[in-house]
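As C-alpha cells, the structure follows; a few thoughts come after it.
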Amino acid sequence: MQSNRRAEGCSRNRAREWFTASVSVVLLLSIALPVLALPTQALWPPSQSPDMRLRKSDLIGSTAHRDSYYGVWKYTGAYKYLGMTLTIWKAGGLDHHTSTIKVTLAGGLHAPGAGWGYWNDPYDYLPRDGQAVEYNPNDAIHDRDKIGDSPSPWVELPLTSVPSRWMKHGSNDAGFVALAFTTHPTCWRPGNPELRQGATYMTLSNQPPSNYYMVFIVYFESRSIDWLGRCTGGTLVDSHYIAYRLPTS
Amino acid sequence: MTAITSRTGFRRASHEFVPALCVLLILLALPGLGRAEFRPLRELASPLAVTPGQEVSFLLNESRYLYASGGGPSRHVDYWGYRNGTLAWGAEQSDVAALTFLEPGTWNLSFETTGAFAVAYYLPELCGWTISSSDLAGVSCPILTVSEATAFALNTWSLDRPYVLRVSGGMQSSFFDEFLQPLGNATEMRYDSRMMGLVVVVPTSGTASVTFTIAAVATQLDLTTYLLAGLVLAVLVVVIVITAVIVRERRAHGSPRAVARSGSAVRRLRNRRGKARDRV
C-alpha cells in the first residue's frame with residue numbers, strides 16, 4: 001500500500017513538474033514568437049547608405065493594379081551609379097511584367113561603361129535565366145537580400161530579389177549596361193507583392209559621364225480577378241519610359 | 001574693290017555679330033531670370049502651387065531636395081530647371097511625385113503645367129534610417145535646430161509594417177501627402193504601407209529644437225497572430241501533459257491491456273471450471 005501511495009505521489013509530482021515546465025515554455029514562446037516573426041528589414045528603398053546618395057526618385061505610374069517607382073543613386077567617390085525599379089502589386093492577375101534598365105547616350109545608343117561585374121555585382125544573385133524558385137522573404141537568407149557586402153560597401157539594399165520566375169536578358173558587364181527583367185505568367189498573383197529590379201553602372205576609366213542617361217522602361221499587362229480567383233475582363237496594358245541624365249557631381 | 005571691301009566688312013561685321021546674336025538668343029531662350037519671382041526658402045517649405053508660365057527662383061547655400069508633384073497619381077508637373085543659369089538635368093522634367101537632389105547655387109524653375117513643389121531636407125537621410133536599421137521603432141533622429149519654416153521630405157516606397165512618425169518641439173507641424181495635398185496640422189502621422197510626402201515645421205518663436213521619432217504600430221494581425229500562436233501552443237502543451245500523465249500512470253500501475261488480458265484469462269478459467277463442474 002505504501003509503495004502504491006509513493007508511486008502515486010511521485011507520478012503526481014512529475015505531472016506537476018511537466019505541467020510547470022510546459023506552461024513556462026508556452027509563456028516563453030508566446031513572448032518570443034512575435035519577436036522572432038518580425039521582418040528583418042524595415043523600409044525600402046534605403047534613405048541613406050555608407051557611400052551612395054539618392055539623386056532622383058519618382059512614381060513612374062500608378063493604376064488600380066499596381067504602383068511603379070524608380071530611383072537613381074550615385075556613389076560619392078566615383079562615377080558609379082545604381083538604378084532600381086519597384087512595382088508594388090495591389091490587385092488583379094499579372095500576365096506580363098518587364099522592367100528594362102539601361103544606360104544610353106542622348107541618341108539612344110548604349111553608353112560606354114559596364115556594370116560592377118558578376119563577381120562583385122550586388123545584383124549577381126538576382127534570378128537569372130532558369131530561376132525557378134520564387135523569392136521568399138522568410139527564407140532567412142539575409143545576406144542574399146542585401147547588397148554592399150565585401151569588398152565594396154557601396155550601398156545596402158535589402159530584398160532586392162524578385163518574387164517570381166524571371167528571365168533576365170542583356171548584359172551589365174560587357175561594355176555597356178542594358179538589362180531587361182521579364183516575367184510572363186498567366187493570371188498570377190504574387191506572394192510577395194514587391195517586384196524589384198536593379199542595375200549598376202560605372203563609366204569607363206572613371207570618366208565623368210558625358211550626357212549619359214539611365215533609362216527605365218516598365219511594361220505590364222494585367223487583368224481583374226473575380227471572386228473565384230479567375231482572371232476576367234480585358235487586359236490592362238500600361239508602359240512607362242523615364243530617362244534620367246546621370247549627374248557628374 | 002569697293003564691293004569686295006564692303007563685302008569683307010560685312011563678313012567681319014557678321015562674324016562679330018553672330019556670336020553676339022547667339023548670346024542674345026541664348027539669353028532670350030533662358031527663362032527670364034529677371035521675370036522669375038525670387039522666394040526665400042522659408043516660403044518654399046510649404047508646397048507652392050504653380051501654374052503654366054510661372055517661374056520661381058531661390059538660393060541654396062547647401063544641397064537639398066526638390067519635391068515636385070502634379071497633384072495626383074497620373075498627373076505630371078512639367079518644368080525646366082536652371083542652376084546658375086545652366087540647364088540642369090539635360091532636359092525638361094516631368095514628375096508625378098518626385099524627389100530630386102539639388103546642388104547649392106541659384107536655382108530657377110520654369111513651369112509649363114500646374115502642380116506644386118517644395119524645397120526640403122530628406123528626413124530619412126538626416127535621421128540615418130539606413131537599411132541596416134532592422135527595426136525603425138526606437139531609431140531616433142538627432143535633435144534638429146530650426147529657425148524658420150522648414151520642410152522634411154519622406155520617400156519610402158515600402159514599409160514592413162505600419163509606423164507612426166512623431167514630431168515634437170517648440171513648433172507647429174503640418175503634413176502633406178505624396179502628391180503634396182495637405183493632411184492638416186498634426187504632431188504625428190500614421191503610415192501603413194509607405195511613407196511619402198512632407199512634414200513642414202514652423203518654429204513658434206525664434207529657434208526651435210525639433211525631434212522626430214518613429215515607432216511601429218501594433219496591428220490587428222500581430223495581435224491575432226500572437227493570440228492564435230499562444231492558443232495553439234497551449235492546446236499542444238495540454239495534450240502533451242495529459243499524454244505524459246497517462247503514460248506515467250500506466251507504467252506505475254501496469255498496462256490496462258495487461259490487466260484486461262489477465263481479466264479475460266480469469267474469466268476463461270472460471271468458465272472452464274464451471275463447465276467441468278457441470279460435467280461432474
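The way I read the labels, and the way they are meant: chains A, B, ... in the order of the C-alpha cells, residue 1 as the first residue of every chain, and ligand 1 as the first ligand shown, with later ones counted on from there.
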Using only C-alpha atoms, which residues sit within 10 Å of Phe175 of chain B once same-chain residues fewer than 4 positions away are excluded, as an mmCIF file with N, CA, C and O atoms, in the first residue's frame?
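That gives us selection25.cif:
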```
data_model
loop_
_atom_site.group_PDB
_atom_site.id
_atom_site.type_symbol
_atom_site.label_atom_id
_atom_site.label_comp_id
_atom_site.auth_asym_id
_atom_site.auth_seq_id
_atom_site.Cartn_x
_atom_site.Cartn_y
_atom_site.Cartn_z
ATOM 1 N N SER B 46 6.443 75.040 -47.290
ATOM 2 C CA SER B 46 5.111 74.530 -47.619
ATOM 3 C C SER B 46 4.982 74.497 -49.137
ATOM 4 O O SER B 46 5.503 75.381 -49.823
ATOM 5 N N ALA B 151 10.978 72.275 -44.462
ATOM 6 C CA ALA B 151 10.280 71.069 -44.917
ATOM 7 C C ALA B 151 11.210 69.866 -44.838
ATOM 8 O O ALA B 151 12.414 69.977 -45.070
ATOM 9 N N PHE B 152 10.621 68.731 -44.503
ATOM 10 C CA PHE B 152 11.348 67.465 -44.452
ATOM 11 C C PHE B 152 10.599 66.465 -45.336
ATOM 12 O O PHE B 152 9.411 66.211 -45.118
ATOM 13 N N LEU B 180 1.491 66.122 -52.403
ATOM 14 C CA LEU B 180 1.582 67.441 -51.773
ATOM 15 C C LEU B 180 0.209 68.031 -51.455
ATOM 16 O O LEU B 180 0.045 69.251 -51.422
ATOM 17 N N GLN B 181 -0.745 67.176 -51.232
ATOM 18 C CA GLN B 181 -2.051 67.631 -50.751
ATOM 19 C C GLN B 181 -1.990 67.715 -49.219
ATOM 20 O O GLN B 181 -1.428 66.826 -48.578
ATOM 21 N N PRO B 182 -2.551 68.782 -48.645
ATOM 22 C CA PRO B 182 -2.435 68.933 -47.183
ATOM 23 C C PRO B 182 -3.201 67.860 -46.420
ATOM 24 O O PRO B 182 -4.315 67.496 -46.783
ATOM 25 N N LEU B 183 -2.579 67.358 -45.382
ATOM 26 C CA LEU B 183 -3.220 66.390 -44.487
ATOM 27 C C LEU B 183 -3.598 67.037 -43.164
ATOM 28 O O LEU B 183 -4.225 66.398 -42.324
ATOM 29 N N GLY B 184 -3.178 68.280 -42.985
ATOM 30 C CA GLY B 184 -3.559 69.007 -41.787
ATOM 31 C C GLY B 184 -2.419 69.166 -40.799
ATOM 32 O O GLY B 184 -1.359 68.555 -40.928
ATOM 33 N N ASN B 185 -2.692 70.020 -39.802
ATOM 34 C CA ASN B 185 -1.714 70.222 -38.737
ATOM 35 C C ASN B 185 -1.787 69.042 -37.778
ATOM 36 O O ASN B 185 -2.880 68.635 -37.368
ATOM 37 N N ALA B 186 -0.651 68.527 -37.438
ATOM 38 C CA ALA B 186 -0.621 67.383 -36.524
ATOM 39 C C ALA B 186 0.802 67.224 -35.998
ATOM 40 O O ALA B 186 1.757 67.777 -36.574
ATOM 41 N N THR B 187 0.919 66.512 -34.931
ATOM 42 C CA THR B 187 2.258 66.228 -34.405
ATOM 43 C C THR B 187 2.659 64.787 -34.682
ATOM 44 O O THR B 187 3.780 64.393 -34.354
ATOM 45 N N GLU B 188 1.736 64.020 -35.238
ATOM 46 C CA GLU B 188 2.097 62.659 -35.619
ATOM 47 C C GLU B 188 1.249 62.204 -36.797
ATOM 48 O O GLU B 188 0.153 62.726 -37.025
ATOM 49 N N MET B 189 1.764 61.252 -37.525
ATOM 50 C CA MET B 189 1.057 60.724 -38.690
ATOM 51 C C MET B 189 1.361 59.238 -38.818
ATOM 52 O O MET B 189 2.490 58.809 -38.620
ATOM 53 N N GLY B 197 5.656 61.973 -48.850
ATOM 54 C CA GLY B 197 5.124 63.298 -48.604
ATOM 55 C C GLY B 197 6.087 64.194 -47.849
ATOM 56 O O GLY B 197 7.307 64.001 -47.884
ATOM 57 N N LEU B 198 5.495 65.163 -47.159
ATOM 58 C CA LEU B 198 6.284 66.194 -46.478
ATOM 59 C C LEU B 198 5.815 66.393 -45.056
ATOM 60 O O LEU B 198 4.637 66.208 -44.750
ATOM 61 N N VAL B 199 6.753 66.779 -44.216
ATOM 62 C CA VAL B 199 6.431 67.330 -42.896
ATOM 63 C C VAL B 199 7.009 68.736 -42.885
ATOM 64 O O VAL B 199 8.199 68.916 -43.145
ATOM 65 N N VAL B 200 6.168 69.710 -42.602
ATOM 66 C CA VAL B 200 6.628 71.102 -42.560
ATOM 67 C C VAL B 200 6.578 71.579 -41.120
ATOM 68 O O VAL B 200 5.554 71.448 -40.441
ATOM 69 N N VAL B 201 7.692 72.120 -40.692
ATOM 70 C CA VAL B 201 7.832 72.542 -39.303
ATOM 71 C C VAL B 201 8.029 74.058 -39.272
ATOM 72 O O VAL B 201 8.880 74.585 -39.990
#
```
_Please identify all residues of chain B having at least one atom at most 7 Å from any atom of chain A, considering only C-alpha atoms, and return them as number ranges by chain._
B: 73-74, 89-90, 95-101, 124-125, 128-131, 133-136, 156-160, 226, 229-230, 233-234, 237, 241, 245, 248-249, 252
*Name the residues of segment 22-218 of chain B that fall into strand (DSSP E or B) according to DSSP on the backbone, using the chain letters and numbers of this document, as a PyMOL selection string.*
chain B and resi 37-38+48-50+55-60+64-69+72+75+77-83+86-87+93-95+97-102+105-111+115-122+140+144-146+150-156+158-159+163-169+171-176+182-185+188-191+195-203+208-216
*asked:* One number please: atom CA of Phe212 of chain B to atom CA of Asp177 of chain B, in Å, one decimal.
replied: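 Those two atoms sit 17.5 Å apart.
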*By how many Å are atom CA of Ser222 of chain A and atom CA of His96 of chain A apart?*
6.9 Å
*Å distance separating atom CA of Gly85 of chain B from atom CA of Glu103 of chain B, one decimal place*: 13.3 Å
